[in-house]
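Worksheet: one structure, shown below.
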Amino acid sequence: MQAVITLWKREMIRFYRQPSRVAGALGTPFIFWLLIGSGIGKSFRMTDTAQSMDYLIYFFPGTILMILLFTAIFSTISLIEDRKEGFLQSVLVAPIKRSAFVLGKILGGASLAFLQAVLFLVIAPFIGIPVSFFSIAGTVAALFVTAFGLTALGFIIAWRLHSIQGFHAIMNLFLMPLWFLSGALFPPEGAPSWIRMIMQWNPLTYQMAWLREALYAGNSGIGSLPSLTTSIGITCVSALLLFLIASWAAGRRHAEDAG
Amino acid sequence: MNPIVDIQNVSHRYKTREALKGVNLSIGRGEIFGLLGPNGSGKTTLFRILSTFFDPTEGSVKVEDLDLRTDAPKLRKKIGVVFQAPSLDARLTVRENITFQGSLYGLAGKELHTRVQSMMARLGIADRAAELVQRLSGGLKRRVELAKGLLHNPALLILDEPSTGLDPGARIDLWKYLKELREKEKITILVTTHLMEEAEHCDRLAILNEGKVVVIGSPHNLKKEIGGDILHIQTQDAAELARQIEHKMKIKAIHVNGMLQIEHTDGHKLIASLIENFPGKIDAVTFRKPTLEDVFVHKTGHRFWTEDVL
């Protein structure tokens, strides 16, 4: 447990000593949200809802999911270099369980993602999203579990890779499309059936649905979302599974070719 | 007394390459032991196995009678590891780096604080405690690495190419400190190195080549094994001259990088007779005492640095 706290603390200190990371993880999604949200604006209409919804409002939880994804991923990228030349070398030969190391790293990354998402959440009441105790409590829970799952996913990817370039390729080819098709940008109802099918199998869809339902306290105004229980269930189970896979992967003492 | 490190028949294969082939080594308590070898000789692989990064494909490794395969967690508490690539977090301060390391070894509270403090004092970095590691010089960084490796009082300290990136002054400091550690704390020290002058500091050396231990001994004895002096002869046709020397004087001359090398007990006398016997064929002769590099050449028949490395 001491090891978990130590590794978590390391992530926190590293982060606040790099202000550029805060800017990157919060600034980019904010600009996306403002530009895409305002650009599409009121021309965004959903087929089965009577009233049209301002796209800035629809896109708001989607942007939060993007913040979680970006921060979670960026905090695990460091694994690649850290393992070759960095503090992680010492961690890997220290008398601690590998699962403790994995938990410390993922909790660290997840906390950072969570905190930044909460920072962004502060603007919700100012753009007309009603907030209540329940909507905040529910959103906070959804944010944390989602952040944990995404950081675990980042861990698994980073652990297998040897270069940061490889990570960027995976980010663009795999993670960004998952986010596009999670309901962050558009709801499933108007999409062609093959897109709807991918969305149905995309775990991020359920994270997105939980977050959206929690934020609007059940009044998201979108009929086609999976049920709240399904969303919470899939998000929690996938987070746990991803953590177990990450621990398993890190537990194998691997022998890369050395000189 | 049992050796502190006991390596029996260790072989290691990566996917495509056999890095270690049946290595046997035992290291006594309180020794400074060196693994000397060129790049690709297997010393880094052996270092990684000893530092518990992975198990060897075959053979057994024991440290203080703890088996690497079955007792890795206990074994890890017995060893301190100093890596070649920095294992410091550049964005943390000196104190944070050392403290975090201590926490990973189960130290906490007041004890951790006291140990960090005294370790920093011992290594002369206490006045830099609050500084970010990224602002330190190479020599100071290496001291922080040492502090990290020694914080939990290991019985064995293993260092991978410890002089890499250090200026000559810092190298001298490092070795002074390592010798002091051995004297005062009775810590056993294992270093890997490709530098002859670093190997000279060791009590005993194992010379590695292509995954095998070529020879083990003290630097002094290894050099003594080479019969006396070394002559290098520069000539137009090395192969032909070697043949003639062997024919006429019954002395073996080996061909090293376009020059002839002769090991001989009375080198200075041999120079005179060589020049008398082969007038006009010798462009230059150099005379010197044997070095560890000569030991390597003598045992393997090729130079320490092959062309592609240089």
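The way I read the labels, and the way they are meant: chains A, B, ... in the order of the structure tokens, residue 1 as the first residue of every chain, and ligand 1 as the first ligand shown, with later ones counted on from there.
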
Select all residues from chain B having any atom no more than 7 Å from an atom of chain A (counting only C-alpha atoms, ignoring ligands), output as number ranges by chain.
B: 14, 39-40, 42, 44-45, 51-54, 73, 76-77, 85-89, 91, 100, 103-105

Find the residues near Ala242 (chain B): any atom within 9 Å, counting only C-alpha atoms, skip ones fewer than 5 places away on the same chain, and give them as a PDB file with C-alpha atoms, in the first residue's frame.
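Listing of part_28.pdb after writing:
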ATOM      1  CA  ASP B 237      53.894  -7.347 -44.966  1.00  0.00           C
ATOM      2  CA  HIS B 247      60.746 -19.806 -38.520  1.00  0.00           C
ATOM      3  CA  ILE B 251      58.687 -16.879 -31.442  1.00  0.00           C
ATOM      4  CA  LYS B 252      54.946 -16.565 -32.071  1.00  0.00           C
ATOM      5  CA  ALA B 253      53.807 -13.241 -33.470  1.00  0.00           C
ATOM      6  CA  ILE B 254      50.069 -12.598 -33.707  1.00  0.00           C
ATOM      7  CA  HIS B 255      48.459 -10.382 -36.239  1.00  0.00           C
ATOM      8  CA  LEU B 260      52.396  -7.846 -35.257  1.00  0.00           C
TER       9      LEU B 260
END

Those of region 61-284 of chain B in DSSP helix (DSSP H, G or I), formatted as a PyMOL selection string
chain B and resi 68-78+94-104+109-122+126-128+133-135+138-150+168-185+196-199+219-225+238-249+267-277

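When the distance limit is 8 Å and only C-alpha atoms are what count, the residues near region 161-165 of chain B, minus those fewer than 4 positions from it on the same chain, are Val82, Phe83, Gln84, Gly138, Arg171, Leu174, Val191, Thr192, Thr193, His194 and Glu198 of chain B.
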
If you keep C-alpha atoms, can you produce a file of those selected residues as a PDB file, in the first residue's frame?
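See selection31.pdb below for the written result:
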ATOM      1  CA  VAL B  82      22.736   1.415  -9.927  1.00  0.00           C
ATOM      2  CA  PHE B  83      21.736   1.522 -13.573  1.00  0.00           C
ATOM      3  CA  GLN B  84      23.751   2.846 -16.459  1.00  0.00           C
ATOM      4  CA  GLY B 138      26.558  14.170 -14.141  1.00  0.00           C
ATOM      5  CA  ARG B 171      35.348   8.946 -11.848  1.00  0.00           C
ATOM      6  CA  LEU B 174      33.301   7.398  -7.479  1.00  0.00           C
ATOM      7  CA  VAL B 191      30.490  -3.615 -11.616  1.00  0.00           C
ATOM      8  CA  THR B 192      30.131  -4.232 -15.311  1.00  0.00           C
ATOM      9  CA  THR B 193      32.489  -2.270 -17.487  1.00  0.00           C
ATOM     10  CA  HIS B 194      34.064  -2.026 -20.885  1.00  0.00           C
ATOM     11  CA  GLU B 198      37.911   0.906 -14.480  1.00  0.00           C
TER      12      GLU B 198
END

Using only C-alpha atoms, determine which residues lie at most 9 Å from Gln116 (chain A), disregarding the query and same-chain residues fewer than 2 positions distant; provide the list as number ranges by chain.
A: 22, 25-26, 64, 67-68, 71, 111-114, 118-121

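Look at Ala124 (chain A): the protein and nucleic acid residues within 10 Å of it, using only C-alpha atoms and passing over chain neighbours fewer than 3 places away, are Ile57, Phe60, Pro61, Phe120, Leu121, Ile127, Gly128, Ile129, Pro130, Val131 and Leu215 of chain A.
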
Would you export the selected residues with C-alpha atoms as a PDB file, in the first residue's frame, please?
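Written output follows (part32.pdb):
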ATOM      1  CA  ILE A  57     -24.664  21.563 -24.671  1.00  0.00           C
ATOM      2  CA  PHE A  60     -20.116  19.284 -23.379  1.00  0.00           C
ATOM      3  CA  PRO A  61     -20.003  15.775 -21.825  1.00  0.00           C
ATOM      4  CA  PHE A 120     -13.800  21.738 -16.851  1.00  0.00           C
ATOM      5  CA  LEU A 121     -17.066  20.745 -15.217  1.00  0.00           C
ATOM      6  CA  ILE A 127     -23.719  27.390 -20.070  1.00  0.00           C
ATOM      7  CA  GLY A 128     -27.143  26.442 -18.794  1.00  0.00           C
ATOM      8  CA  ILE A 129     -26.705  22.898 -17.567  1.00  0.00           C
ATOM      9  CA  PRO A 130     -28.693  22.633 -14.342  1.00  0.00           C
ATOM     10  CA  VAL A 131     -26.628  21.272 -11.472  1.00  0.00           C
ATOM     11  CA  LEU A 215     -24.632  15.091 -15.744  1.00  0.00           C
TER      12      LEU A 215
END

Mind checking DSSP for region 105-237 of chain B and telling me the strand (DSSP E or B) residues as a PyMOL selection string?
chain B and resi 132+156-160+188-193+204-209+212-217+229-235

May I have the selected residues written with N, CA and C atoms, as a compact mmCIF listing (two decimals), in the first residue's frame?
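Heads up, here's the output in selection_10.txt:
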# COMPACT_ATOMS: atom_id res chain seq x y z
N LEU B 132 16.04 20.38 -7.96
CA LEU B 132 15.52 19.41 -8.91
C LEU B 132 16.71 18.67 -9.53
N LEU B 156 24.86 -6.43 -1.26
CA LEU B 156 25.52 -6.43 -2.56
C LEU B 156 25.06 -5.21 -3.36
N LEU B 157 26.04 -4.48 -3.88
CA LEU B 157 25.71 -3.33 -4.73
C LEU B 157 26.14 -3.67 -6.14
N ILE B 158 25.20 -3.60 -7.10
CA ILE B 158 25.63 -3.86 -8.47
C ILE B 158 25.47 -2.61 -9.31
N LEU B 159 26.51 -2.34 -10.07
CA LEU B 159 26.54 -1.10 -10.86
C LEU B 159 26.83 -1.43 -12.32
N ASP B 160 26.02 -0.88 -13.22
CA ASP B 160 26.21 -1.11 -14.64
C ASP B 160 26.98 0.06 -15.24
N THR B 188 29.66 -5.94 -0.68
CA THR B 188 30.24 -6.54 -1.87
C THR B 188 29.80 -5.70 -3.08
N ILE B 189 30.72 -5.47 -3.99
CA ILE B 189 30.40 -4.59 -5.12
C ILE B 189 30.67 -5.32 -6.43
N LEU B 190 29.68 -5.28 -7.31
CA LEU B 190 29.85 -5.88 -8.63
C LEU B 190 29.67 -4.79 -9.67
N VAL B 191 30.65 -4.61 -10.55
CA VAL B 191 30.49 -3.61 -11.62
C VAL B 191 30.64 -4.30 -12.97
N THR B 192 29.87 -3.83 -13.94
CA THR B 192 30.13 -4.23 -15.31
C THR B 192 30.87 -3.07 -15.95
N THR B 193 31.78 -3.37 -16.84
CA THR B 193 32.49 -2.27 -17.49
C THR B 193 33.11 -2.71 -18.81
N ARG B 204 38.91 -8.69 -8.31
CA ARG B 204 38.93 -9.77 -9.29
C ARG B 204 38.05 -9.39 -10.46
N LEU B 205 38.38 -10.01 -11.58
CA LEU B 205 37.67 -9.71 -12.82
C LEU B 205 37.22 -11.01 -13.47
N ALA B 206 36.06 -10.95 -14.14
CA ALA B 206 35.74 -12.03 -15.07
C ALA B 206 35.71 -11.37 -16.44
N ILE B 207 36.50 -11.87 -17.36
CA ILE B 207 36.46 -11.30 -18.71
C ILE B 207 35.46 -12.10 -19.52
N LEU B 208 34.50 -11.39 -20.10
CA LEU B 208 33.46 -12.04 -20.88
C LEU B 208 33.67 -11.79 -22.37
N ASN B 209 33.41 -12.82 -23.16
CA ASN B 209 33.47 -12.66 -24.60
C ASN B 209 32.44 -13.58 -25.22
N LYS B 212 30.54 -15.98 -22.94
CA LYS B 212 31.26 -16.94 -22.10
C LYS B 212 32.27 -16.22 -21.22
N VAL B 213 32.54 -16.82 -20.05
CA VAL B 213 33.61 -16.30 -19.21
C VAL B 213 34.92 -16.85 -19.77
N VAL B 214 35.80 -15.93 -20.17
CA VAL B 214 37.06 -16.35 -20.78
C VAL B 214 38.08 -16.67 -19.71
N VAL B 215 38.13 -15.81 -18.68
CA VAL B 215 39.11 -16.02 -17.63
C VAL B 215 38.67 -15.23 -16.40
N ILE B 216 39.04 -15.72 -15.21
CA ILE B 216 38.75 -15.00 -13.97
C ILE B 216 40.05 -14.86 -13.18
N GLY B 217 40.28 -13.69 -12.62
CA GLY B 217 41.47 -13.51 -11.80
C GLY B 217 41.64 -12.06 -11.41
N ASP B 229 56.67 -8.78 -21.49
CA ASP B 229 56.48 -7.51 -22.20
C ASP B 229 55.71 -7.71 -23.50
N ILE B 230 55.23 -6.58 -24.00
CA ILE B 230 54.50 -6.60 -25.27
C ILE B 230 55.25 -5.76 -26.29
N LEU B 231 55.48 -6.33 -27.47
CA LEU B 231 56.07 -5.55 -28.56
C LEU B 231 55.07 -5.44 -29.70
N HIS B 232 54.99 -4.26 -30.26
CA HIS B 232 54.18 -4.09 -31.48
C HIS B 232 55.11 -3.73 -32.62
N ILE B 233 55.00 -4.45 -33.70
CA ILE B 233 55.89 -4.22 -34.84
C ILE B 233 55.08 -3.74 -36.03
N GLN B 234 55.51 -2.61 -36.57
CA GLN B 234 54.85 -2.07 -37.76
C GLN B 234 55.68 -2.49 -38.98
N THR B 235 55.01 -3.06 -39.96
CA THR B 235 55.75 -3.58 -41.12
C THR B 235 54.87 -3.55 -42.36

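All residues of protein, DNA or RNA that reach within 7 Å of region 195-197 of chain B, judged by only C-alpha atoms and not counting those fewer than 3 positions away in the chain, are Glu200, Leu292 and Glu293 of chain B.
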
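Take the candidates A:Ala152, A:Ile36, A:Ile77, A:Leu143 and check each one against His168 (chain A) using only C-alpha atoms; the shortest distance goes to A:Ile77.
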
Region 179-196 of chain A environment, 10 Å, only C-alpha atoms, sequence neighbours closer than 5 positions dropped, as a count of residues only
33

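The coordinates place CA of Trp175 (chain B) at 7.6 Å from CA of His201 (chain B).
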
So how far away is CA of Ala158 (chain A) from CA of Ser78 (chain A), in Å?
8.2 Å

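Going from CA of Val10 (chain B) over to CA of Gly211 (chain B), you cover 9.9 Å.
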